[in-house]
Every structure is written in structure tokens, then in C-alpha cells.
$ cat protein-v2.cif   # mmCIF, N, CA and C atoms
data_start
#
loop_
_atom_site.label_atom_id
_atom_site.label_comp_id
_atom_site.auth_asym_id
_atom_site.auth_seq_id
_atom_site.Cartn_x
_atom_site.Cartn_y
_atom_site.Cartn_z
N MET A 206 -1.70 7.42 13.65
CA MET A 206 -1.96 8.48 12.68
C MET A 206 -2.84 7.95 11.56
N ALA A 207 -3.62 8.84 11.00
CA ALA A 207 -4.46 8.47 9.87
C ALA A 207 -3.60 8.30 8.63
N GLN A 208 -3.96 7.32 7.83
CA GLN A 208 -3.24 7.08 6.58
C GLN A 208 -4.20 7.30 5.42
N PRO A 209 -3.90 8.27 4.56
CA PRO A 209 -4.79 8.50 3.42
C PRO A 209 -4.83 7.28 2.51
N GLY A 210 -5.99 7.03 1.98
CA GLY A 210 -6.13 5.95 1.01
C GLY A 210 -6.75 6.49 -0.25
N PRO A 211 -6.58 5.81 -1.35
CA PRO A 211 -7.18 6.27 -2.60
C PRO A 211 -8.68 6.09 -2.58
N HIS A 212 -9.35 6.78 -3.48
CA HIS A 212 -10.81 6.70 -3.57
C HIS A 212 -11.27 5.25 -3.72
N ASN A 213 -10.42 4.37 -4.28
CA ASN A 213 -10.85 3.00 -4.48
C ASN A 213 -10.89 2.19 -3.19
N ASP A 214 -10.63 2.82 -2.04
CA ASP A 214 -10.85 2.16 -0.75
C ASP A 214 -12.34 2.08 -0.45
N LEU A 215 -13.17 2.69 -1.31
CA LEU A 215 -14.61 2.53 -1.24
C LEU A 215 -15.01 1.51 -2.30
N VAL A 216 -15.92 0.64 -1.95
CA VAL A 216 -16.40 -0.35 -2.90
C VAL A 216 -17.33 0.35 -3.88
N GLN A 217 -17.05 0.17 -5.16
CA GLN A 217 -17.89 0.79 -6.19
C GLN A 217 -19.04 -0.15 -6.52
N VAL A 218 -20.24 0.38 -6.45
CA VAL A 218 -21.45 -0.38 -6.70
C VAL A 218 -21.95 -0.02 -8.09
N PRO A 219 -22.04 -0.99 -9.01
CA PRO A 219 -22.50 -0.68 -10.37
C PRO A 219 -23.84 0.05 -10.36
N GLY A 220 -23.89 1.17 -11.09
CA GLY A 220 -25.12 1.96 -11.17
C GLY A 220 -25.40 2.81 -9.95
N PHE A 221 -24.54 2.75 -8.96
CA PHE A 221 -24.76 3.51 -7.72
C PHE A 221 -23.40 3.96 -7.19
N PRO A 222 -22.77 4.93 -7.85
CA PRO A 222 -21.40 5.31 -7.49
C PRO A 222 -21.33 6.10 -6.19
N ALA A 223 -20.15 6.08 -5.62
CA ALA A 223 -19.90 6.91 -4.44
C ALA A 223 -20.00 8.37 -4.83
N PRO A 224 -20.52 9.22 -3.94
CA PRO A 224 -20.49 10.65 -4.22
C PRO A 224 -19.04 11.09 -4.46
N PRO A 225 -18.82 11.99 -5.39
CA PRO A 225 -17.45 12.43 -5.68
C PRO A 225 -16.83 13.19 -4.51
N GLY A 226 -15.51 13.14 -4.45
CA GLY A 226 -14.77 13.92 -3.47
C GLY A 226 -14.42 13.21 -2.19
N ALA A 227 -14.62 11.91 -2.13
CA ALA A 227 -14.33 11.18 -0.89
C ALA A 227 -12.84 11.13 -0.60
N VAL A 228 -12.51 11.22 0.67
CA VAL A 228 -11.16 10.96 1.16
C VAL A 228 -11.30 9.82 2.16
N VAL A 229 -10.62 8.72 1.89
CA VAL A 229 -10.68 7.54 2.75
C VAL A 229 -9.39 7.47 3.55
N GLU A 230 -9.54 7.25 4.84
CA GLU A 230 -8.37 7.08 5.72
C GLU A 230 -8.61 5.90 6.64
N TRP A 231 -7.53 5.27 6.99
CA TRP A 231 -7.56 4.20 7.99
C TRP A 231 -6.90 4.75 9.24
N ILE A 232 -7.58 4.64 10.37
CA ILE A 232 -6.98 5.07 11.63
C ILE A 232 -6.81 3.85 12.52
N THR A 233 -5.70 3.82 13.23
CA THR A 233 -5.41 2.72 14.13
C THR A 233 -5.59 3.18 15.57
N LEU A 234 -6.38 2.45 16.32
CA LEU A 234 -6.63 2.78 17.71
C LEU A 234 -5.57 2.15 18.61
N GLY A 235 -5.55 2.55 19.85
CA GLY A 235 -4.55 2.06 20.80
C GLY A 235 -4.56 0.55 20.98
N ASP A 236 -5.71 -0.08 20.77
CA ASP A 236 -5.79 -1.53 20.93
C ASP A 236 -5.46 -2.28 19.63
N GLY A 237 -5.00 -1.52 18.61
CA GLY A 237 -4.60 -2.14 17.35
C GLY A 237 -5.70 -2.25 16.31
N VAL A 238 -6.94 -1.96 16.68
CA VAL A 238 -8.04 -2.02 15.73
C VAL A 238 -7.88 -0.93 14.68
N LYS A 239 -8.11 -1.29 13.42
CA LYS A 239 -8.04 -0.32 12.33
C LYS A 239 -9.45 -0.03 11.85
N LEU A 240 -9.79 1.25 11.82
CA LEU A 240 -11.10 1.68 11.36
C LEU A 240 -10.97 2.35 10.00
N ARG A 241 -11.88 2.00 9.10
CA ARG A 241 -11.95 2.68 7.81
C ARG A 241 -12.86 3.89 7.97
N THR A 242 -12.36 5.06 7.60
CA THR A 242 -13.14 6.28 7.66
C THR A 242 -13.25 6.89 6.27
N ALA A 243 -14.28 7.67 6.07
CA ALA A 243 -14.43 8.40 4.81
C ALA A 243 -15.01 9.77 5.14
N ARG A 244 -14.57 10.74 4.35
CA ARG A 244 -15.11 12.09 4.55
C ARG A 244 -15.32 12.77 3.22
N TRP A 245 -16.35 13.58 3.18
CA TRP A 245 -16.67 14.44 2.05
C TRP A 245 -16.77 15.83 2.66
N ILE A 246 -15.77 16.65 2.46
CA ILE A 246 -15.71 17.96 3.10
C ILE A 246 -15.91 19.04 2.04
N LEU A 247 -16.95 19.83 2.23
CA LEU A 247 -17.23 20.95 1.34
C LEU A 247 -16.33 22.12 1.72
N PRO A 248 -16.05 23.02 0.80
CA PRO A 248 -15.31 24.24 1.16
C PRO A 248 -16.05 24.99 2.26
N ASP A 249 -15.30 25.59 3.18
CA ASP A 249 -15.91 26.28 4.32
C ASP A 249 -17.02 27.25 3.90
N ALA A 250 -16.82 27.95 2.79
CA ALA A 250 -17.81 28.94 2.34
C ALA A 250 -19.12 28.29 1.93
N ASP A 251 -19.08 27.00 1.56
CA ASP A 251 -20.29 26.30 1.10
C ASP A 251 -20.93 25.44 2.17
N ALA A 252 -20.22 25.15 3.24
CA ALA A 252 -20.68 24.18 4.23
C ALA A 252 -21.51 24.84 5.33
N HIS A 253 -22.61 24.19 5.65
CA HIS A 253 -23.47 24.64 6.76
C HIS A 253 -23.17 23.86 8.03
N GLY A 254 -22.15 23.04 7.99
CA GLY A 254 -21.77 22.20 9.12
C GLY A 254 -21.34 20.84 8.62
N THR A 255 -21.08 19.95 9.58
CA THR A 255 -20.63 18.60 9.24
C THR A 255 -21.46 17.58 10.01
N ILE A 256 -21.91 16.57 9.28
CA ILE A 256 -22.65 15.45 9.86
C ILE A 256 -21.67 14.33 10.18
N LEU A 257 -21.72 13.80 11.40
CA LEU A 257 -21.04 12.55 11.72
C LEU A 257 -22.08 11.46 11.52
N LEU A 258 -21.92 10.67 10.48
CA LEU A 258 -22.88 9.64 10.10
C LEU A 258 -22.43 8.30 10.67
N CYS A 259 -23.25 7.75 11.57
CA CYS A 259 -22.93 6.49 12.26
C CYS A 259 -23.93 5.42 11.81
N GLN A 260 -23.42 4.41 11.12
CA GLN A 260 -24.29 3.35 10.62
C GLN A 260 -24.76 2.44 11.75
N GLY A 261 -25.75 1.62 11.42
CA GLY A 261 -26.26 0.63 12.35
C GLY A 261 -25.45 -0.65 12.32
N ARG A 262 -25.84 -1.58 13.11
CA ARG A 262 -25.17 -2.88 13.20
C ARG A 262 -25.19 -3.58 11.84
N THR A 263 -24.12 -4.15 11.44
CA THR A 263 -23.89 -4.89 10.19
C THR A 263 -23.94 -3.99 8.96
N GLU A 264 -23.84 -2.69 9.13
CA GLU A 264 -23.86 -1.78 7.99
C GLU A 264 -22.46 -1.27 7.71
N PHE A 265 -22.33 -0.50 6.63
CA PHE A 265 -21.02 -0.09 6.14
C PHE A 265 -21.19 1.18 5.32
N ILE A 266 -20.08 1.87 5.07
CA ILE A 266 -20.10 3.17 4.40
C ILE A 266 -20.88 3.14 3.10
N GLU A 267 -20.63 2.17 2.26
CA GLU A 267 -21.23 2.14 0.91
C GLU A 267 -22.75 2.10 0.93
N LYS A 268 -23.34 1.57 1.97
CA LYS A 268 -24.80 1.49 2.07
C LYS A 268 -25.44 2.87 2.16
N TYR A 269 -24.63 3.87 2.47
CA TYR A 269 -25.15 5.22 2.72
C TYR A 269 -24.80 6.23 1.63
N TYR A 270 -24.39 5.76 0.45
CA TYR A 270 -24.06 6.69 -0.64
C TYR A 270 -25.20 7.66 -0.93
N GLU A 271 -26.43 7.17 -0.98
CA GLU A 271 -27.56 8.05 -1.29
C GLU A 271 -27.74 9.10 -0.21
N VAL A 272 -27.68 8.69 1.05
CA VAL A 272 -27.82 9.63 2.17
C VAL A 272 -26.69 10.67 2.13
N ILE A 273 -25.47 10.21 1.89
CA ILE A 273 -24.33 11.12 1.82
C ILE A 273 -24.54 12.14 0.70
N GLY A 274 -24.97 11.68 -0.45
CA GLY A 274 -25.24 12.58 -1.57
C GLY A 274 -26.30 13.62 -1.23
N GLU A 275 -27.36 13.20 -0.55
CA GLU A 275 -28.43 14.13 -0.14
C GLU A 275 -27.90 15.17 0.85
N LEU A 276 -27.07 14.74 1.79
CA LEU A 276 -26.51 15.68 2.78
C LEU A 276 -25.59 16.69 2.10
N LEU A 277 -24.75 16.21 1.20
CA LEU A 277 -23.86 17.11 0.47
C LEU A 277 -24.66 18.13 -0.34
N ALA A 278 -25.74 17.69 -0.97
CA ALA A 278 -26.58 18.59 -1.77
C ALA A 278 -27.23 19.66 -0.91
N ARG A 279 -27.36 19.40 0.37
CA ARG A 279 -27.95 20.36 1.31
C ARG A 279 -26.89 21.22 2.01
N GLY A 280 -25.65 21.10 1.54
CA GLY A 280 -24.59 21.94 2.07
C GLY A 280 -23.97 21.45 3.36
N LEU A 281 -24.07 20.15 3.61
CA LEU A 281 -23.48 19.58 4.82
C LEU A 281 -22.33 18.65 4.45
N SER A 282 -21.17 18.86 5.04
CA SER A 282 -20.07 17.93 4.88
C SER A 282 -20.41 16.66 5.65
N VAL A 283 -19.74 15.55 5.32
CA VAL A 283 -20.04 14.26 5.95
C VAL A 283 -18.75 13.57 6.35
N VAL A 284 -18.73 13.07 7.58
CA VAL A 284 -17.68 12.18 8.08
C VAL A 284 -18.38 10.90 8.51
N THR A 285 -17.85 9.76 8.07
CA THR A 285 -18.43 8.48 8.44
C THR A 285 -17.34 7.44 8.59
N PHE A 286 -17.70 6.26 9.05
CA PHE A 286 -16.72 5.21 9.31
C PHE A 286 -17.41 3.87 9.45
N ASP A 287 -16.61 2.82 9.32
CA ASP A 287 -17.09 1.47 9.64
C ASP A 287 -16.68 1.17 11.08
N TRP A 288 -17.67 0.83 11.92
CA TRP A 288 -17.36 0.42 13.29
C TRP A 288 -16.44 -0.80 13.26
N ARG A 289 -15.71 -1.03 14.33
CA ARG A 289 -14.93 -2.27 14.44
C ARG A 289 -15.88 -3.46 14.25
N GLY A 290 -15.42 -4.44 13.50
CA GLY A 290 -16.25 -5.61 13.24
C GLY A 290 -17.29 -5.40 12.15
N GLN A 291 -17.28 -4.24 11.50
CA GLN A 291 -18.25 -3.93 10.45
C GLN A 291 -17.51 -3.50 9.19
N GLY A 292 -18.15 -3.61 8.04
CA GLY A 292 -17.56 -3.14 6.79
C GLY A 292 -16.15 -3.68 6.61
N LEU A 293 -15.23 -2.77 6.29
CA LEU A 293 -13.84 -3.19 6.08
C LEU A 293 -12.94 -2.92 7.28
N SER A 294 -13.51 -2.47 8.39
CA SER A 294 -12.71 -2.27 9.60
C SER A 294 -12.30 -3.62 10.20
N SER A 295 -11.33 -3.57 11.12
CA SER A 295 -10.80 -4.79 11.73
C SER A 295 -11.87 -5.62 12.42
N ARG A 296 -11.65 -6.93 12.36
CA ARG A 296 -12.46 -7.89 13.11
C ARG A 296 -11.66 -8.34 14.31
N GLN A 297 -12.37 -8.70 15.38
CA GLN A 297 -11.69 -9.19 16.57
C GLN A 297 -11.88 -10.70 16.74
N THR A 298 -12.37 -11.34 15.69
CA THR A 298 -12.50 -12.79 15.69
C THR A 298 -11.81 -13.31 14.43
N SER A 299 -11.59 -14.61 14.39
CA SER A 299 -10.95 -15.19 13.21
C SER A 299 -11.93 -15.32 12.05
N ASP A 300 -13.23 -15.20 12.31
CA ASP A 300 -14.24 -15.30 11.27
C ASP A 300 -14.55 -13.89 10.74
N PRO A 301 -14.17 -13.57 9.50
CA PRO A 301 -14.36 -12.22 8.98
C PRO A 301 -15.84 -11.85 8.78
N ARG A 302 -16.74 -12.81 8.91
CA ARG A 302 -18.17 -12.51 8.77
C ARG A 302 -18.82 -12.12 10.08
N LYS A 303 -18.07 -12.19 11.17
CA LYS A 303 -18.63 -11.89 12.48
C LYS A 303 -18.07 -10.57 13.02
N GLY A 304 -18.96 -9.75 13.52
CA GLY A 304 -18.55 -8.57 14.26
C GLY A 304 -18.67 -8.90 15.75
N HIS A 305 -17.74 -8.44 16.53
CA HIS A 305 -17.76 -8.77 17.96
C HIS A 305 -17.06 -7.67 18.74
N VAL A 306 -17.59 -7.34 19.89
CA VAL A 306 -16.88 -6.52 20.86
C VAL A 306 -17.04 -7.19 22.22
N ALA A 307 -16.02 -7.09 23.04
CA ALA A 307 -16.09 -7.66 24.38
C ALA A 307 -16.91 -6.77 25.30
N ASP A 308 -16.92 -5.47 25.00
CA ASP A 308 -17.62 -4.51 25.85
C ASP A 308 -18.04 -3.31 25.00
N PHE A 309 -19.18 -2.73 25.29
CA PHE A 309 -19.68 -1.60 24.52
C PHE A 309 -18.69 -0.42 24.54
N SER A 310 -17.84 -0.35 25.56
CA SER A 310 -16.87 0.74 25.63
C SER A 310 -15.92 0.74 24.43
N GLU A 311 -15.78 -0.40 23.75
CA GLU A 311 -14.95 -0.45 22.54
C GLU A 311 -15.57 0.39 21.44
N PHE A 312 -16.91 0.41 21.35
CA PHE A 312 -17.58 1.30 20.39
C PHE A 312 -17.38 2.76 20.78
N ASP A 313 -17.38 3.03 22.10
CA ASP A 313 -17.10 4.40 22.57
C ASP A 313 -15.72 4.84 22.09
N ALA A 314 -14.74 3.94 22.15
CA ALA A 314 -13.38 4.25 21.69
C ALA A 314 -13.37 4.54 20.20
N ASP A 315 -14.16 3.78 19.43
CA ASP A 315 -14.23 4.01 17.98
C ASP A 315 -14.72 5.42 17.69
N ILE A 316 -15.82 5.80 18.28
CA ILE A 316 -16.40 7.10 17.97
C ILE A 316 -15.52 8.23 18.48
N ALA A 317 -14.89 8.04 19.64
CA ALA A 317 -13.99 9.07 20.17
C ALA A 317 -12.81 9.29 19.22
N ALA A 318 -12.28 8.21 18.66
CA ALA A 318 -11.15 8.32 17.74
C ALA A 318 -11.57 9.03 16.45
N VAL A 319 -12.73 8.69 15.92
CA VAL A 319 -13.20 9.33 14.68
C VAL A 319 -13.46 10.81 14.92
N VAL A 320 -14.06 11.14 16.05
CA VAL A 320 -14.31 12.56 16.35
C VAL A 320 -13.00 13.33 16.48
N SER A 321 -12.05 12.80 17.23
CA SER A 321 -10.82 13.56 17.46
C SER A 321 -9.89 13.57 16.25
N ARG A 322 -9.84 12.47 15.47
CA ARG A 322 -8.84 12.37 14.41
C ARG A 322 -9.37 12.64 13.00
N VAL A 323 -10.68 12.72 12.86
CA VAL A 323 -11.24 13.00 11.53
C VAL A 323 -12.17 14.21 11.61
N LEU A 324 -13.22 14.13 12.40
CA LEU A 324 -14.19 15.22 12.47
C LEU A 324 -13.56 16.53 12.93
N ASN A 325 -12.86 16.51 14.06
CA ASN A 325 -12.26 17.75 14.57
C ASN A 325 -11.15 18.29 13.67
N GLU A 326 -10.45 17.42 12.96
CA GLU A 326 -9.36 17.87 12.09
C GLU A 326 -9.84 18.40 10.75
N HIS A 327 -10.97 17.89 10.26
CA HIS A 327 -11.39 18.22 8.89
C HIS A 327 -12.78 18.82 8.77
N GLY A 328 -13.63 18.64 9.76
CA GLY A 328 -15.01 19.09 9.66
C GLY A 328 -15.17 20.59 9.81
N THR A 329 -16.31 21.06 9.34
CA THR A 329 -16.70 22.45 9.48
C THR A 329 -17.80 22.52 10.55
N LYS A 330 -17.65 23.36 11.55
CA LYS A 330 -18.67 23.50 12.59
C LYS A 330 -19.86 24.28 12.04
N PRO A 331 -21.05 24.05 12.58
CA PRO A 331 -21.36 23.17 13.70
C PRO A 331 -21.38 21.70 13.28
N TYR A 332 -21.21 20.84 14.29
CA TYR A 332 -21.25 19.41 14.07
C TYR A 332 -22.62 18.87 14.44
N TYR A 333 -23.05 17.88 13.67
CA TYR A 333 -24.31 17.18 13.93
C TYR A 333 -24.03 15.70 13.85
N ALA A 334 -24.90 14.91 14.47
CA ALA A 334 -24.79 13.46 14.36
C ALA A 334 -26.06 12.91 13.75
N LEU A 335 -25.89 11.90 12.91
CA LEU A 335 -27.01 11.17 12.32
C LEU A 335 -26.67 9.71 12.46
N ALA A 336 -27.53 8.98 13.16
CA ALA A 336 -27.24 7.58 13.44
C ALA A 336 -28.46 6.71 13.14
N HIS A 337 -28.17 5.47 12.77
CA HIS A 337 -29.23 4.50 12.53
C HIS A 337 -29.31 3.57 13.73
#
$ encode --input "protein-v2.cif" --output "C-alpha cells"
Amino acid sequence: MAQPGPHNDLVQVPGFPAPPGAVVEWITLGDGVKLRTARWILPDADAHGTILLCQGRTEFIEKYYEVIGELLARGLSVVTFDWRGQGLSSRQTSDPRKGHVADFSEFDADIAAVVSRVLNEHGTKPYYALAH
């Protein structure tokens, strides 16, 4: 189950704050990996849909504050997350600076969990994806 976290589960960057209204949750997958997720959901009457924002390798939620703010200003809700081995999500090695997966299907599991447990539960349709 998803566990709500306070807004301070996002790293605050001096002079570059997180867009207001974030809800941070940690979801645990069947293999024990914990993913950090964040969502900015506009009221249904204001939302033109929801973007699933997927960062690139070695990236993290905070790097996309500007993009998230631009999407919200355009009437799009945003759901995003740190992939396993990235940002504040679980690492599968003893070195916290290394991201690793044994098989690409582990990333498939990450996105499937975020879609089913965050996007489908909280997003406003239609859904769109934006990936780096």
C-alpha cells in the first residue's frame, strides 16, 4: 500500500522551490523495492488530463520542478516517481551511489506499479506520458 509522506519528502532547492500542492507517497513493490512517488493533482474541473512524467537515467523528481510547474500552469496534473536505483528510491546494491537492475523487466514493474497505484487512483483522464 502507498504511504503518504509529508511535503518535506521532496528535497527543497534554495531559490527553486517545489511547485505547491505535492503529495509524496512511498510504494513498496512485491520484490521489496520502495519507490518514491509524487503527484500534483488539479481539481477535475481544472484538469485537462494527467501527465506521467518519467525521468531519465540518474535523474530524480526535484530536477523536474520547472517542467512540473509548466505542466500545472497548462492545466495538466502530474504524477512522477524515482525509478529503483534513482533519487530516493531503493537501491539494489550496497553502494547508494549506484543504480542497478538485473533485468529491464524490473523497470517495467516500477512503471506498472506507479500506473496502477498512483496514476489510476488519483489522475484525471486522459493520461499522457512524458519521458526523457
$ closest_atom_pairs --input "protein-v2.cif" --of "stretch 230-266 of chain A" --to "stretch 312-327 of chain A" --cutoff "9 Å" --atoms "only C-alpha atoms" --output "Markdown table"
| residue | atom | partner | partner_atom | distance |
| --- | --- | --- | --- | --- |
| A:Glu230 | CA | A:Val323 | CA | 8.8 |
| A:Ile232 | CA | A:Arg322 | CA | 8.0 |
| A:Thr233 | CA | A:Ala318 | CA | 8.8 |
| A:Leu234 | CA | A:Ala318 | CA | 7.2 |
| A:Val238 | CA | A:Asp315 | CA | 8.9 |
| A:Leu240 | CA | A:Asp315 | CA | 7.7 |
| A:Thr242 | CA | A:Val319 | CA | 7.7 |
| A:Ala243 | CA | A:Val323 | CA | 8.7 |
| A:Arg244 | CA | A:Val323 | CA | 8.0 |
| A:Ile246 | CA | A:His327 | CA | 7.2 |
| A:Thr255 | CA | A:Leu324 | CA | 8.0 |
| A:Ile256 | CA | A:Leu324 | CA | 8.9 |
| A:Leu257 | CA | A:Leu324 | CA | 7.4 |
| A:Cys259 | CA | A:Ile316 | CA | 8.7 |
$ atom_distance --input "protein-v2.cif" --atom1 "atom CA of A:Phe265" --atom2 "atom CA of A:Leu293"
7.8 Å
$ closest_residue --input "protein-v2.cif" --among "A:Phe221, A:Asp214, A:Gly237, A:Leu258" --to "A:Tyr333" --atoms "all atoms listed in the file"
A:Leu258
$ select_by_dssp --input "protein-v2.cif" --residues "stretch 240-282 of chain A" --states "strand (DSSP E)" --output "VMD selection string"
chain A and resid 240 to 245 255 to 259 282
$ select_by_dssp --input "protein-v2.cif" --residues "chain A" --states "helix (DSSP H, G or I)" --output "compact mmCIF listing (two decimals) with N, CA and C atoms, in the frame of the given file"
# COMPACT_ATOMS: atom_id res chain seq x y z
N HIS A 212 -9.35 6.78 -3.48
CA HIS A 212 -10.81 6.70 -3.57
C HIS A 212 -11.27 5.25 -3.72
N ASN A 213 -10.42 4.37 -4.28
CA ASN A 213 -10.85 3.00 -4.48
C ASN A 213 -10.89 2.19 -3.19
N ASP A 214 -10.63 2.82 -2.04
CA ASP A 214 -10.85 2.16 -0.75
C ASP A 214 -12.34 2.08 -0.45
N ILE A 266 -20.08 1.87 5.07
CA ILE A 266 -20.10 3.17 4.40
C ILE A 266 -20.88 3.14 3.10
N GLU A 267 -20.63 2.17 2.26
CA GLU A 267 -21.23 2.14 0.91
C GLU A 267 -22.75 2.10 0.93
N LYS A 268 -23.34 1.57 1.97
CA LYS A 268 -24.80 1.49 2.07
C LYS A 268 -25.44 2.87 2.16
N TYR A 269 -24.63 3.87 2.47
CA TYR A 269 -25.15 5.22 2.72
C TYR A 269 -24.80 6.23 1.63
N TYR A 270 -24.39 5.76 0.45
CA TYR A 270 -24.06 6.69 -0.64
C TYR A 270 -25.20 7.66 -0.93
N GLU A 271 -26.43 7.17 -0.98
CA GLU A 271 -27.56 8.05 -1.29
C GLU A 271 -27.74 9.10 -0.21
N VAL A 272 -27.68 8.69 1.05
CA VAL A 272 -27.82 9.63 2.17
C VAL A 272 -26.69 10.67 2.13
N ILE A 273 -25.47 10.21 1.89
CA ILE A 273 -24.33 11.12 1.82
C ILE A 273 -24.54 12.14 0.70
N GLY A 274 -24.97 11.68 -0.45
CA GLY A 274 -25.24 12.58 -1.57
C GLY A 274 -26.30 13.62 -1.23
N GLU A 275 -27.36 13.20 -0.55
CA GLU A 275 -28.43 14.13 -0.14
C GLU A 275 -27.90 15.17 0.85
N LEU A 276 -27.07 14.74 1.79
CA LEU A 276 -26.51 15.68 2.78
C LEU A 276 -25.59 16.69 2.10
N LEU A 277 -24.75 16.21 1.20
CA LEU A 277 -23.86 17.11 0.47
C LEU A 277 -24.66 18.13 -0.34
N ALA A 278 -25.74 17.69 -0.97
CA ALA A 278 -26.58 18.59 -1.77
C ALA A 278 -27.23 19.66 -0.91
N SER A 310 -17.84 -0.35 25.56
CA SER A 310 -16.87 0.74 25.63
C SER A 310 -15.92 0.74 24.43
N GLU A 311 -15.78 -0.40 23.75
CA GLU A 311 -14.95 -0.45 22.54
C GLU A 311 -15.57 0.39 21.44
N PHE A 312 -16.91 0.41 21.35
CA PHE A 312 -17.58 1.30 20.39
C PHE A 312 -17.38 2.76 20.78
N ASP A 313 -17.38 3.03 22.10
CA ASP A 313 -17.10 4.40 22.57
C ASP A 313 -15.72 4.84 22.09
N ALA A 314 -14.74 3.94 22.15
CA ALA A 314 -13.38 4.25 21.69
C ALA A 314 -13.37 4.54 20.20
N ASP A 315 -14.16 3.78 19.43
CA ASP A 315 -14.23 4.01 17.98
C ASP A 315 -14.72 5.42 17.69
N ILE A 316 -15.82 5.80 18.28
CA ILE A 316 -16.40 7.10 17.97
C ILE A 316 -15.52 8.23 18.48
N ALA A 317 -14.89 8.04 19.64
CA ALA A 317 -13.99 9.07 20.17
C ALA A 317 -12.81 9.29 19.22
N ALA A 318 -12.28 8.21 18.66
CA ALA A 318 -11.15 8.32 17.74
C ALA A 318 -11.57 9.03 16.45
N VAL A 319 -12.73 8.69 15.92
CA VAL A 319 -13.20 9.33 14.68
C VAL A 319 -13.46 10.81 14.92
N VAL A 320 -14.06 11.14 16.05
CA VAL A 320 -14.31 12.56 16.35
C VAL A 320 -13.00 13.33 16.48
N SER A 321 -12.05 12.80 17.23
CA SER A 321 -10.82 13.56 17.46
C SER A 321 -9.89 13.57 16.25
N ARG A 322 -9.84 12.47 15.47
CA ARG A 322 -8.84 12.37 14.41
C ARG A 322 -9.37 12.64 13.00
N VAL A 323 -10.68 12.72 12.86
CA VAL A 323 -11.24 13.00 11.53
C VAL A 323 -12.17 14.21 11.61
N LEU A 324 -13.22 14.13 12.40
CA LEU A 324 -14.19 15.22 12.47
C LEU A 324 -13.56 16.53 12.93
N ASN A 325 -12.86 16.51 14.06
CA ASN A 325 -12.26 17.75 14.57
C ASN A 325 -11.15 18.29 13.67
N GLU A 326 -10.45 17.42 12.96
CA GLU A 326 -9.36 17.87 12.09
C GLU A 326 -9.84 18.40 10.75
N HIS A 327 -10.97 17.89 10.26
CA HIS A 327 -11.39 18.22 8.89
C HIS A 327 -12.78 18.82 8.77
$ closest_residue --input "protein-v2.cif" --among "A:Gly292, A:Pro301, A:Gly280, A:Gly254" --to "A:Gly328" --atoms "all atoms listed in the file"
A:Gly254
$ closest_residue --input "protein-v2.cif" --among "A:Arg241, A:Glu311, A:Gly304, A:Glu267" --to "A:Phe286" --atoms "only N, CA and C atoms"
A:Arg241
$ residues_around --input "protein-v2.cif" --residues "A:Arg262" --least-positions-apart "4" --cutoff "12 Å" --atoms "only C-alpha atoms" --output "number ranges by chain"
A: 266, 268, 287-292, 303-306, 312, 336-337
$ axis_aligned_box --input "protein-v2.cif" --around "stretch 308-323 of chain A" --padding-each-side "8 Å" --output "lines of an AutoDock Vina configuration file"
center_x = -14.3
center_y = 4.4
center_z = 18.7
size_x = 26.8
size_y = 35.7
size_z = 30.3
$ atom_distance --input "protein-v2.cif" --atom1 "atom CA of A:Gly226" --atom2 "atom CA of A:Arg302"
29.3 Å
$ residues_around --input "protein-v2.cif" --residues "A:Glu271" --least-positions-apart "3" --cutoff "10 Å" --atoms "only C-alpha atoms" --output "number ranges by chain"
A: 221-224, 267-268, 274-277
$ atom_distance --input "protein-v2.cif" --atom1 "atom CA of A:Trp245" --atom2 "atom CA of A:Val283"
5.2 Å
$ build_atoms --input "protein-v2.cif" --residues "stretch 241-250 of chain A" --atoms "N, CA, C and O atoms" --output "short mmCIF file (atom, residue, chain, number, x, y, z; two decimals), in the frame of the given file"
data_model
loop_
_atom_site.label_atom_id
_atom_site.label_comp_id
_atom_site.auth_asym_id
_atom_site.auth_seq_id
_atom_site.Cartn_x
_atom_site.Cartn_y
_atom_site.Cartn_z
N ARG A 241 -11.88 2.00 9.10
CA ARG A 241 -11.95 2.68 7.81
C ARG A 241 -12.86 3.89 7.97
O ARG A 241 -13.99 3.77 8.44
N THR A 242 -12.36 5.06 7.60
CA THR A 242 -13.14 6.28 7.66
C THR A 242 -13.25 6.89 6.27
O THR A 242 -12.40 6.63 5.41
N ALA A 243 -14.28 7.67 6.07
CA ALA A 243 -14.43 8.40 4.81
C ALA A 243 -15.01 9.77 5.14
O ALA A 243 -15.78 9.92 6.08
N ARG A 244 -14.57 10.74 4.35
CA ARG A 244 -15.11 12.09 4.55
C ARG A 244 -15.32 12.77 3.22
O ARG A 244 -14.58 12.53 2.25
N TRP A 245 -16.35 13.58 3.18
CA TRP A 245 -16.67 14.44 2.05
C TRP A 245 -16.77 15.83 2.66
O TRP A 245 -17.74 16.13 3.37
N ILE A 246 -15.77 16.65 2.46
CA ILE A 246 -15.71 17.96 3.10
C ILE A 246 -15.91 19.04 2.04
O ILE A 246 -15.14 19.15 1.10
N LEU A 247 -16.95 19.83 2.23
CA LEU A 247 -17.23 20.95 1.34
C LEU A 247 -16.33 22.12 1.72
O LEU A 247 -15.90 22.24 2.88
N PRO A 248 -16.05 23.02 0.80
CA PRO A 248 -15.31 24.24 1.16
C PRO A 248 -16.05 24.99 2.26
O PRO A 248 -17.28 25.01 2.30
N ASP A 249 -15.30 25.59 3.18
CA ASP A 249 -15.91 26.28 4.32
C ASP A 249 -17.02 27.25 3.90
O ASP A 249 -18.05 27.35 4.56
N ALA A 250 -16.82 27.95 2.79
CA ALA A 250 -17.81 28.94 2.34
C ALA A 250 -19.12 28.29 1.93
O ALA A 250 -20.17 28.93 1.97
#
